[in-house]
Amino acid sequence: MPAILFETIDETPLIRTLRMKLDRPMPFRTGQFIELSLPGVGEGPFTPSSSHFVTDVMDVTVMKAGFLTEHIHRAKPGDRVGLRGPYGSSYPLEKFEGQDLLILGGGCGLAPLRSLFLTLLDEIEKYKSITFFAGAKSPQDCPYKDAFPEWRKHPKVRLVRAVDAVPPGEAWDEEVGVVTVLLGKLDIDPKNSPAVVCGPPVMMKFGTRDLLKLGFREDRIYLSMEKKMYCGIGQCRHCVMGEYYVCKHGPVFTYAQIKNEEGIWD
């Protein structure tokens, strides 16, 4: 599907959000992914970072990390891009209703979590509360920093951020440490709450470990594994994970589903 890029937002030195007007609505479910293409360059899988209740405009947040993403960061308002999809599994929102939900994320992993968070806010009356713990390497590496003050105003939302370190000269008045240190501030019942985790593999690995120690159930820890994907349709085999194709069976899995597969954190 053709789309026109009409705004770019520099979230951090390496992370940019592209805001696109679609030629026609593209319904999706939060957690699913699309293939974004640049004419003459190529395409790759990205998870929308906007609410799934908005179907005529889509945000995609991209970290500069290689050939395609380098070109995506060069794109300008007015450029034409292509979208294919949506593909894959989504967050099971119906299983979150009436409950306290924990969202744990870091870095560019906050992109799908922003989509989830905005989608939840659109129907916030269905949920008991949202605890959102967000991590980054440093203050300047925090995406969506301009939105956090507004998000914090909601009475059902508890939003806490942490950075690994604060370089000299940078201002920061929130937590310092890896994002998992925030789990010590958790004030919901782990045994009766779902948790959603997305971020760099090492963060997801230790985040999941700590959630299990706190008492979260294996079948209620939801992991986004989209970093392994490429073609989006199960043909390139880049995303094979044991018996699963991440692009076809995921990218959203419970830890119970994949805990025995090799290399899930690679």
# chains A, B, ... in the order shown; residues from 1 in each chain; ligands from 1
$ select_by_dssp --residues "range 21-255 of chain A" --states "strand (DSSP E)" --output "PyMOL selection string"
chain A and resi 21-22+33-38+42-46+57-63+80-87+100-106+129-136+157-163+175-176+195-198+221-224+240-241+244-245+252-254
$ residues_around --residues "Met26 in chain A" --least-positions-apart "5" --cutoff "12 Å" --atoms "only C-alpha atoms" --output "list in words"
Met1, Pro2, Ala3, Met20, Lys21, Gln32, Phe33, Ile34, Pro48, Ser51, His52, Phe53, Val54, Thr55, Asp56, Val57, Met58, Leu83, Arg84, Gly85, Pro86 and Tyr87 of chain A
$ closest_residue --among "A:Gly184, A:Pro139, A:Gly263, A:Pro155" --to "Glu11 in chain A" --atoms "only C-alpha atoms"
A:Pro139
$ residues_around --residues "Lys76 in chain A" --least-positions-apart "3" --cutoff "8 Å" --atoms "only C-alpha atoms" --output "MDAnalysis selection string"
chainID A and resid 5:8 79
$ atom_distance --atom1 "CA of Gly105 in chain A" --atom2 "CA of Leu68 in chain A"
24.0 Å
$ atom_distance --atom1 "CA of Asp219 in chain A" --atom2 "CA of Tyr255 in chain A"
6.1 Å
$ select_by_dssp --residues "range 45-116 of chain A" --states "alpha helix (DSSP H)" --output "list in words"
Phe67, Leu68, Thr69, Glu70, His71, Ile72, His73, Arg74, Leu110, Ala111, Pro112, Leu113, Arg114, Ser115 and Leu116 of chain A
$ closest_residue --among "A:Ser138, A:Thr69, A:Thr208, A:Phe148" --to "Ala171 in chain A" --atoms "only C-alpha atoms"
A:Ser138
$ atom_distance --atom1 "CA of Gly31 in chain A" --atom2 "CA of Ser90 in chain A"
4.3 Å
$ residues_around --residues "Leu101 in chain A" --least-positions-apart "2" --cutoff "12 Å" --atoms "only C-alpha atoms" --output "PDB file with N, CA and C atoms, in the first residue's frame"
ATOM      1  N   LEU A  93      -5.518  -8.351  24.190  1.00  0.00           N
ATOM      2  CA  LEU A  93      -6.083  -7.329  25.070  1.00  0.00           C
ATOM      3  C   LEU A  93      -7.256  -7.838  25.888  1.00  0.00           C
ATOM      4  N   LYS A  95      -7.529 -10.521  27.354  1.00  0.00           N
ATOM      5  CA  LYS A  95      -7.032 -11.197  28.550  1.00  0.00           C
ATOM      6  C   LYS A  95      -6.511 -10.215  29.597  1.00  0.00           C
ATOM      7  N   PHE A  96      -6.378  -8.951  29.240  1.00  0.00           N
ATOM      8  CA  PHE A  96      -5.882  -7.936  30.167  1.00  0.00           C
ATOM      9  C   PHE A  96      -7.007  -7.174  30.854  1.00  0.00           C
ATOM     10  N   GLU A  97      -8.219  -7.344  30.395  1.00  0.00           N
ATOM     11  CA  GLU A  97      -9.327  -6.526  30.890  1.00  0.00           C
ATOM     12  C   GLU A  97      -9.583  -6.755  32.380  1.00  0.00           C
ATOM     13  N   GLY A  98      -9.822  -5.665  33.084  1.00  0.00           N
ATOM     14  CA  GLY A  98     -10.120  -5.721  34.509  1.00  0.00           C
ATOM     15  C   GLY A  98      -8.927  -6.000  35.389  1.00  0.00           C
ATOM     16  N   GLN A  99      -7.716  -5.911  34.844  1.00  0.00           N
ATOM     17  CA  GLN A  99      -6.525  -6.286  35.602  1.00  0.00           C
ATOM     18  C   GLN A  99      -5.497  -5.157  35.630  1.00  0.00           C
ATOM     19  N   ILE A 103       3.960  -3.088  31.946  1.00  0.00           N
ATOM     20  CA  ILE A 103       4.696  -2.960  30.691  1.00  0.00           C
ATOM     21  C   ILE A 103       6.138  -2.662  31.040  1.00  0.00           C
ATOM     22  N   LEU A 104       7.062  -3.475  30.531  1.00  0.00           N
ATOM     23  CA  LEU A 104       8.485  -3.341  30.839  1.00  0.00           C
ATOM     24  C   LEU A 104       9.249  -3.269  29.531  1.00  0.00           C
ATOM     25  N   LEU A 116       0.964  -0.333  22.133  1.00  0.00           N
ATOM     26  CA  LEU A 116       0.129  -0.994  23.137  1.00  0.00           C
ATOM     27  C   LEU A 116      -0.408   0.014  24.141  1.00  0.00           C
ATOM     28  N   PHE A 117       0.461   0.875  24.643  1.00  0.00           N
ATOM     29  CA  PHE A 117       0.060   1.838  25.663  1.00  0.00           C
ATOM     30  C   PHE A 117      -1.020   2.786  25.144  1.00  0.00           C
ATOM     31  N   LEU A 120      -4.294   0.939  24.823  1.00  0.00           N
ATOM     32  CA  LEU A 120      -4.913   0.748  26.136  1.00  0.00           C
ATOM     33  C   LEU A 120      -5.566   2.043  26.618  1.00  0.00           C
ATOM     34  N   ILE A 124      -9.271   2.864  28.302  1.00  0.00           N
ATOM     35  CA  ILE A 124      -8.708   2.709  29.633  1.00  0.00           C
ATOM     36  C   ILE A 124      -9.729   2.232  30.657  1.00  0.00           C
ATOM     37  N   LYS A 126     -11.504  -0.212  30.510  1.00  0.00           N
ATOM     38  CA  LYS A 126     -11.530  -1.672  30.542  1.00  0.00           C
ATOM     39  C   LYS A 126     -10.462  -2.260  31.457  1.00  0.00           C
ATOM     40  N   TYR A 127      -9.500  -1.443  31.906  1.00  0.00           N
ATOM     41  CA  TYR A 127      -8.347  -1.958  32.635  1.00  0.00           C
ATOM     42  C   TYR A 127      -8.261  -1.327  34.024  1.00  0.00           C
ATOM     43  N   LYS A 128      -7.736  -2.083  34.960  1.00  0.00           N
ATOM     44  CA  LYS A 128      -7.637  -1.606  36.336  1.00  0.00           C
ATOM     45  C   LYS A 128      -6.541  -0.561  36.471  1.00  0.00           C
ATOM     46  N   SER A 129      -5.353  -0.865  35.962  1.00  0.00           N
ATOM     47  CA  SER A 129      -4.246   0.093  36.000  1.00  0.00           C
ATOM     48  C   SER A 129      -3.171  -0.343  35.020  1.00  0.00           C
ATOM     49  N   ILE A 130      -2.293   0.615  34.673  1.00  0.00           N
ATOM     50  CA  ILE A 130      -1.143   0.340  33.811  1.00  0.00           C
ATOM     51  C   ILE A 130       0.109   0.833  34.526  1.00  0.00           C
ATOM     52  N   THR A 131       1.043  -0.075  34.774  1.00  0.00           N
ATOM     53  CA  THR A 131       2.365   0.294  35.280  1.00  0.00           C
ATOM     54  C   THR A 131       3.332   0.170  34.118  1.00  0.00           C
ATOM     55  N   PHE A 132       3.996   1.266  33.779  1.00  0.00           N
ATOM     56  CA  PHE A 132       4.886   1.305  32.622  1.00  0.00           C
ATOM     57  C   PHE A 132       6.281   1.648  33.120  1.00  0.00           C
ATOM     58  N   PHE A 133       7.197   0.672  33.065  1.00  0.00           N
ATOM     59  CA  PHE A 133       8.597   0.879  33.424  1.00  0.00           C
ATOM     60  C   PHE A 133       9.413   0.948  32.133  1.00  0.00           C
ATOM     61  N   LYS A 156      -4.952   6.295  36.108  1.00  0.00           N
ATOM     62  CA  LYS A 156      -4.740   4.849  36.125  1.00  0.00           C
ATOM     63  C   LYS A 156      -3.337   4.446  35.670  1.00  0.00           C
ATOM     64  N   VAL A 157      -2.490   5.420  35.381  1.00  0.00           N
ATOM     65  CA  VAL A 157      -1.161   5.146  34.836  1.00  0.00           C
ATOM     66  C   VAL A 157      -0.085   5.465  35.855  1.00  0.00           C
ATOM     67  N   ARG A 158       0.838   4.529  36.027  1.00  0.00           N
ATOM     68  CA  ARG A 158       2.054   4.773  36.804  1.00  0.00           C
ATOM     69  C   ARG A 158       3.232   4.561  35.867  1.00  0.00           C
ATOM     70  N   LEU A 159       3.957   5.615  35.579  1.00  0.00           N
ATOM     71  CA  LEU A 159       5.027   5.573  34.590  1.00  0.00           C
ATOM     72  C   LEU A 159       6.336   5.985  35.250  1.00  0.00           C
ATOM     73  N   LEU A 186       7.541  -2.258  42.217  1.00  0.00           N
ATOM     74  CA  LEU A 186       6.260  -2.779  41.753  1.00  0.00           C
ATOM     75  C   LEU A 186       5.249  -2.810  42.894  1.00  0.00           C
ATOM     76  N   ASP A 187       4.029  -2.333  42.619  1.00  0.00           N
ATOM     77  CA  ASP A 187       3.003  -2.329  43.660  1.00  0.00           C
ATOM     78  C   ASP A 187       1.704  -2.994  43.188  1.00  0.00           C
ATOM     79  N   ILE A 188       1.848  -3.979  42.283  1.00  0.00           N
ATOM     80  CA  ILE A 188       0.700  -4.788  41.869  1.00  0.00           C
ATOM     81  C   ILE A 188       0.990  -6.245  42.213  1.00  0.00           C
ATOM     82  N   ASP A 189      -0.026  -7.072  42.191  1.00  0.00           N
ATOM     83  CA  ASP A 189       0.113  -8.479  42.557  1.00  0.00           C
ATOM     84  C   ASP A 189       0.630  -9.276  41.359  1.00  0.00           C
ATOM     85  N   PRO A 190       1.871  -9.765  41.386  1.00  0.00           N
ATOM     86  CA  PRO A 190       2.422 -10.483  40.238  1.00  0.00           C
ATOM     87  C   PRO A 190       1.632 -11.737  39.863  1.00  0.00           C
ATOM     88  N   LYS A 191       1.073 -12.402  40.837  1.00  0.00           N
ATOM     89  CA  LYS A 191       0.393 -13.678  40.562  1.00  0.00           C
ATOM     90  C   LYS A 191      -0.901 -13.483  39.786  1.00  0.00           C
ATOM     91  N   ASN A 192      -1.438 -12.263  39.797  1.00  0.00           N
ATOM     92  CA  ASN A 192      -2.712 -12.019  39.126  1.00  0.00           C
ATOM     93  C   ASN A 192      -2.620 -10.943  38.058  1.00  0.00           C
ATOM     94  N   SER A 193      -1.401 -10.694  37.561  1.00  0.00           N
ATOM     95  CA  SER A 193      -1.213  -9.616  36.591  1.00  0.00           C
ATOM     96  C   SER A 193      -0.440 -10.108  35.374  1.00  0.00           C
ATOM     97  N   PRO A 194      -0.809  -9.638  34.198  1.00  0.00           N
ATOM     98  CA  PRO A 194      -0.005  -9.916  33.012  1.00  0.00           C
ATOM     99  C   PRO A 194       1.145  -8.927  32.901  1.00  0.00           C
ATOM    100  N   ALA A 195       2.211  -9.338  32.226  1.00  0.00           N
ATOM    101  CA  ALA A 195       3.363  -8.464  31.984  1.00  0.00           C
ATOM    102  C   ALA A 195       3.742  -8.548  30.517  1.00  0.00           C
ATOM    103  N   VAL A 196       4.065  -7.403  29.937  1.00  0.00           N
ATOM    104  CA  VAL A 196       4.496  -7.325  28.540  1.00  0.00           C
ATOM    105  C   VAL A 196       5.913  -6.796  28.522  1.00  0.00           C
ATOM    106  N   VAL A 197       6.802  -7.491  27.812  1.00  0.00           N
ATOM    107  CA  VAL A 197       8.227  -7.148  27.819  1.00  0.00           C
ATOM    108  C   VAL A 197       8.722  -6.969  26.386  1.00  0.00           C
ATOM    109  N   PHE A 216       5.356 -13.749  38.612  1.00  0.00           N
ATOM    110  CA  PHE A 216       4.547 -13.694  37.396  1.00  0.00           C
ATOM    111  C   PHE A 216       4.510 -15.076  36.752  1.00  0.00           C
ATOM    112  N   ARG A 220       1.708 -15.738  31.394  1.00  0.00           N
ATOM    113  CA  ARG A 220       1.193 -14.377  31.445  1.00  0.00           C
ATOM    114  C   ARG A 220       2.307 -13.351  31.256  1.00  0.00           C
ATOM    115  N   ILE A 221       3.467 -13.815  30.817  1.00  0.00           N
ATOM    116  CA  ILE A 221       4.555 -12.928  30.418  1.00  0.00           C
ATOM    117  C   ILE A 221       4.592 -12.941  28.898  1.00  0.00           C
ATOM    118  N   TYR A 222       4.326 -11.784  28.287  1.00  0.00           N
ATOM    119  CA  TYR A 222       4.227 -11.677  26.835  1.00  0.00           C
ATOM    120  C   TYR A 222       5.471 -10.995  26.294  1.00  0.00           C
TER     121      TYR A 222
END
$ residues_around --residues "Val163 in chain A" --least-positions-apart "4" --cutoff "7 Å" --atoms "only C-alpha atoms" --output "ChimeraX atom specification"
/A:135-139,175-178
$ write_last_selection --atoms "C-alpha atoms" --output "mmCIF file, in the first residue's frame"
data_model
loop_
_atom_site.group_PDB
_atom_site.id
_atom_site.type_symbol
_atom_site.label_atom_id
_atom_site.label_comp_id
_atom_site.auth_asym_id
_atom_site.auth_seq_id
_atom_site.Cartn_x
_atom_site.Cartn_y
_atom_site.Cartn_z
ATOM 1 C CA GLY A 135 14.587 2.150 30.346
ATOM 2 C CA ALA A 136 17.327 3.703 28.200
ATOM 3 C CA LYS A 137 21.093 4.031 28.182
ATOM 4 C CA SER A 138 21.118 7.734 29.023
ATOM 5 C CA PRO A 139 18.699 10.685 29.188
ATOM 6 C CA GLU A 175 15.881 6.585 38.443
ATOM 7 C CA VAL A 176 19.421 5.500 37.548
ATOM 8 C CA GLY A 177 20.164 1.851 36.809
ATOM 9 C CA VAL A 178 19.082 -0.830 34.368
#
$ closest_residue --among "A:Pro167, A:Pro13, A:Pro25, A:Gly106" --to "Ala65 in chain A" --atoms "only C-alpha atoms"
A:Pro13
$ residues_around --residues "range 140-147 of chain A" --least-positions-apart "4" --cutoff "10 Å" --atoms "only C-alpha atoms" --output "MDAnalysis selection string"
chainID A and resid 9:17 61 106:111 114 134:136 151:152 161:163 166:167 170:172
$ closest_residue --among "A:Ala165, A:Met225, A:Leu121, A:Leu211" --to "Thr47 in chain A" --atoms "only C-alpha atoms"
A:Met225
$ closest_residue --among "A:Val240, A:Ile4, A:Ala75, A:Val41" --to "Ile258 in chain A" --atoms "only C-alpha atoms"
A:Val240
$ closest_residue --among "A:Glu94, A:Gly82, A:Gly215, A:Ser115" --to "Asp23 in chain A" --atoms "only C-alpha atoms"
A:Gly82
$ residues_around --residues "Phe206 in chain A" --least-positions-apart "4" --cutoff "12 Å" --atoms "only C-alpha atoms" --output "PyMOL selection string"
chain A and resi 104-105+178-181+183+197-202+210-213+265
$ write_last_selection --atoms "N, CA and C atoms" --output "mmCIF file, in the first residue's frame"
data_model
loop_
_atom_site.group_PDB
_atom_site.id
_atom_site.type_symbol
_atom_site.label_atom_id
_atom_site.label_comp_id
_atom_site.auth_asym_id
_atom_site.auth_seq_id
_atom_site.Cartn_x
_atom_site.Cartn_y
_atom_site.Cartn_z
ATOM 1 N N LEU A 104 7.062 -3.475 30.531
ATOM 2 C CA LEU A 104 8.485 -3.341 30.839
ATOM 3 C C LEU A 104 9.249 -3.269 29.531
ATOM 4 N N GLY A 105 9.941 -2.146 29.288
ATOM 5 C CA GLY A 105 10.613 -2.016 28.000
ATOM 6 C C GLY A 105 11.840 -1.155 28.050
ATOM 7 N N VAL A 178 19.762 -0.102 35.435
ATOM 8 C CA VAL A 178 19.082 -0.830 34.368
ATOM 9 C C VAL A 178 17.591 -0.902 34.693
ATOM 10 N N VAL A 179 16.775 -1.037 33.662
ATOM 11 C CA VAL A 179 15.327 -0.908 33.842
ATOM 12 C C VAL A 179 14.762 -1.928 34.823
ATOM 13 N N THR A 180 15.407 -3.077 34.945
ATOM 14 C CA THR A 180 14.886 -4.111 35.848
ATOM 15 C C THR A 180 14.946 -3.693 37.316
ATOM 16 N N VAL A 181 15.768 -2.675 37.650
ATOM 17 C CA VAL A 181 15.788 -2.221 39.047
ATOM 18 C C VAL A 181 14.440 -1.634 39.441
ATOM 19 N N LEU A 183 11.653 -2.920 39.015
ATOM 20 C CA LEU A 183 10.741 -3.955 39.490
ATOM 21 C C LEU A 183 10.671 -3.979 41.016
ATOM 22 N N VAL A 197 6.802 -7.491 27.812
ATOM 23 C CA VAL A 197 8.227 -7.148 27.819
ATOM 24 C C VAL A 197 8.722 -6.969 26.386
ATOM 25 N N CYS A 198 9.448 -5.885 26.124
ATOM 26 C CA CYS A 198 10.062 -5.688 24.812
ATOM 27 C C CYS A 198 11.289 -4.813 24.967
ATOM 28 N N GLY A 199 12.362 -5.193 24.285
ATOM 29 C CA GLY A 199 13.590 -4.420 24.355
ATOM 30 C C GLY A 199 14.743 -5.219 23.799
ATOM 31 N N PRO A 200 15.973 -4.793 24.038
ATOM 32 C CA PRO A 200 17.142 -5.566 23.602
ATOM 33 C C PRO A 200 17.105 -6.961 24.230
ATOM 34 N N PRO A 201 17.656 -7.970 23.537
ATOM 35 C CA PRO A 201 17.582 -9.349 24.048
ATOM 36 C C PRO A 201 18.069 -9.515 25.480
ATOM 37 N N VAL A 202 19.179 -8.866 25.844
ATOM 38 C CA VAL A 202 19.696 -9.047 27.199
ATOM 39 C C VAL A 202 18.723 -8.475 28.222
ATOM 40 N N ASP A 210 13.605 -11.921 36.206
ATOM 41 C CA ASP A 210 13.191 -11.218 37.418
ATOM 42 C C ASP A 210 11.679 -11.269 37.609
ATOM 43 N N LEU A 211 10.928 -11.228 36.508
ATOM 44 C CA LEU A 211 9.471 -11.336 36.622
ATOM 45 C C LEU A 211 9.073 -12.692 37.181
ATOM 46 N N LEU A 212 9.752 -13.730 36.732
ATOM 47 C CA LEU A 212 9.460 -15.074 37.246
ATOM 48 C C LEU A 212 9.773 -15.159 38.739
ATOM 49 N N LYS A 213 10.872 -14.551 39.148
ATOM 50 C CA LYS A 213 11.232 -14.550 40.573
ATOM 51 C C LYS A 213 10.176 -13.840 41.412
ATOM 52 N N TRP A 265 17.142 -15.679 23.157
ATOM 53 C CA TRP A 265 17.664 -14.352 23.508
ATOM 54 C C TRP A 265 18.812 -13.929 22.610
#
$ decode --residues "range 156-167 of chain A" --atoms "all heavy atoms" --output "CSV table (one decimal), in the first residue's frame"
chain,number,residue,atom,x,y,z
A,156,LYS,N,-5.0,6.3,36.1
A,156,LYS,CA,-4.7,4.8,36.1
A,156,LYS,C,-3.3,4.4,35.7
A,156,LYS,O,-3.0,3.3,35.6
A,156,LYS,CB,-5.8,4.2,35.2
A,156,LYS,CG,-7.2,4.1,35.8
A,156,LYS,CD,-8.0,3.2,35.0
A,156,LYS,CE,-9.4,3.0,35.6
A,156,LYS,NZ,-10.2,2.0,34.8
A,157,VAL,N,-2.5,5.4,35.4
A,157,VAL,CA,-1.2,5.1,34.8
A,157,VAL,C,-0.1,5.5,35.9
A,157,VAL,O,-0.1,6.5,36.5
A,157,VAL,CB,-0.9,6.0,33.6
A,157,VAL,CG1,0.5,5.9,33.1
A,157,VAL,CG2,-1.9,5.5,32.4
A,158,ARG,N,0.8,4.5,36.0
A,158,ARG,CA,2.1,4.8,36.8
A,158,ARG,C,3.2,4.6,35.9
A,158,ARG,O,3.5,3.4,35.4
A,158,ARG,CB,2.1,3.8,38.0
A,158,ARG,CG,3.4,4.1,38.9
A,158,ARG,CD,3.5,3.2,40.0
A,158,ARG,NE,4.7,3.5,40.8
A,158,ARG,CZ,5.5,2.6,41.3
A,158,ARG,NH1,5.3,1.3,41.1
A,158,ARG,NH2,6.5,2.9,42.0
A,159,LEU,N,4.0,5.6,35.6
A,159,LEU,CA,5.0,5.6,34.6
A,159,LEU,C,6.3,6.0,35.3
A,159,LEU,O,6.5,7.1,35.8
A,159,LEU,CB,4.7,6.5,33.4
A,159,LEU,CG,5.3,6.3,32.1
A,159,LEU,CD1,4.6,6.9,31.0
A,159,LEU,CD2,6.8,6.8,32.1
A,160,VAL,N,7.3,5.1,35.2
A,160,VAL,CA,8.6,5.4,35.8
A,160,VAL,C,9.7,5.0,34.8
A,160,VAL,O,9.6,4.0,34.1
A,160,VAL,CB,8.8,4.5,37.1
A,160,VAL,CG1,10.1,4.9,37.8
A,160,VAL,CG2,7.7,4.6,38.0
A,161,ARG,N,10.7,5.9,34.7
A,161,ARG,CA,11.8,5.7,33.8
A,161,ARG,C,13.1,5.5,34.5
A,161,ARG,O,13.3,6.1,35.6
A,161,ARG,CB,11.9,6.9,32.8
A,161,ARG,CG,10.7,7.0,31.9
A,161,ARG,CD,11.0,8.1,30.8
A,161,ARG,NE,11.2,9.4,31.4
A,161,ARG,CZ,11.5,10.5,30.8
A,161,ARG,NH1,11.7,10.4,29.5
A,161,ARG,NH2,11.7,11.7,31.4
A,162,ALA,N,14.0,4.8,33.9
A,162,ALA,CA,15.4,4.6,34.4
A,162,ALA,C,16.4,4.7,33.3
A,162,ALA,O,16.1,4.3,32.2
A,162,ALA,CB,15.5,3.3,35.2
A,163,VAL,N,17.6,5.2,33.6
A,163,VAL,CA,18.6,5.2,32.6
A,163,VAL,C,19.8,4.5,33.2
A,163,VAL,O,20.1,4.6,34.4
A,163,VAL,CB,19.0,6.7,32.1
A,163,VAL,CG1,17.9,7.3,31.4
A,163,VAL,CG2,19.5,7.5,33.3
A,164,ASP,N,20.6,3.9,32.3
A,164,ASP,CA,21.8,3.1,32.8
A,164,ASP,C,22.8,4.1,33.5
A,164,ASP,O,23.4,3.7,34.6
A,164,ASP,CB,22.5,2.4,31.7
A,164,ASP,CG,21.6,1.3,31.1
A,164,ASP,OD1,20.5,1.1,31.6
A,164,ASP,OD2,22.1,0.8,30.0
A,165,ALA,N,23.0,5.2,33.0
A,165,ALA,CA,23.9,6.2,33.5
A,165,ALA,C,23.6,7.6,33.0
A,165,ALA,O,22.9,7.8,32.0
A,165,ALA,CB,25.4,5.8,33.1
A,166,VAL,N,24.0,8.6,33.8
A,166,VAL,CA,23.8,10.0,33.4
A,166,VAL,C,25.2,10.6,33.2
A,166,VAL,O,25.9,10.9,34.1
A,166,VAL,CB,23.1,10.8,34.6
A,166,VAL,CG1,22.8,12.2,34.2
A,166,VAL,CG2,21.8,10.1,34.9
A,167,PRO,N,25.5,10.9,31.9
A,167,PRO,CA,26.8,11.6,31.6
A,167,PRO,C,26.9,12.9,32.2
A,167,PRO,O,25.8,13.6,32.5
A,167,PRO,CB,26.7,11.7,30.1
A,167,PRO,CG,25.8,10.6,29.6
A,167,PRO,CD,24.7,10.6,30.7
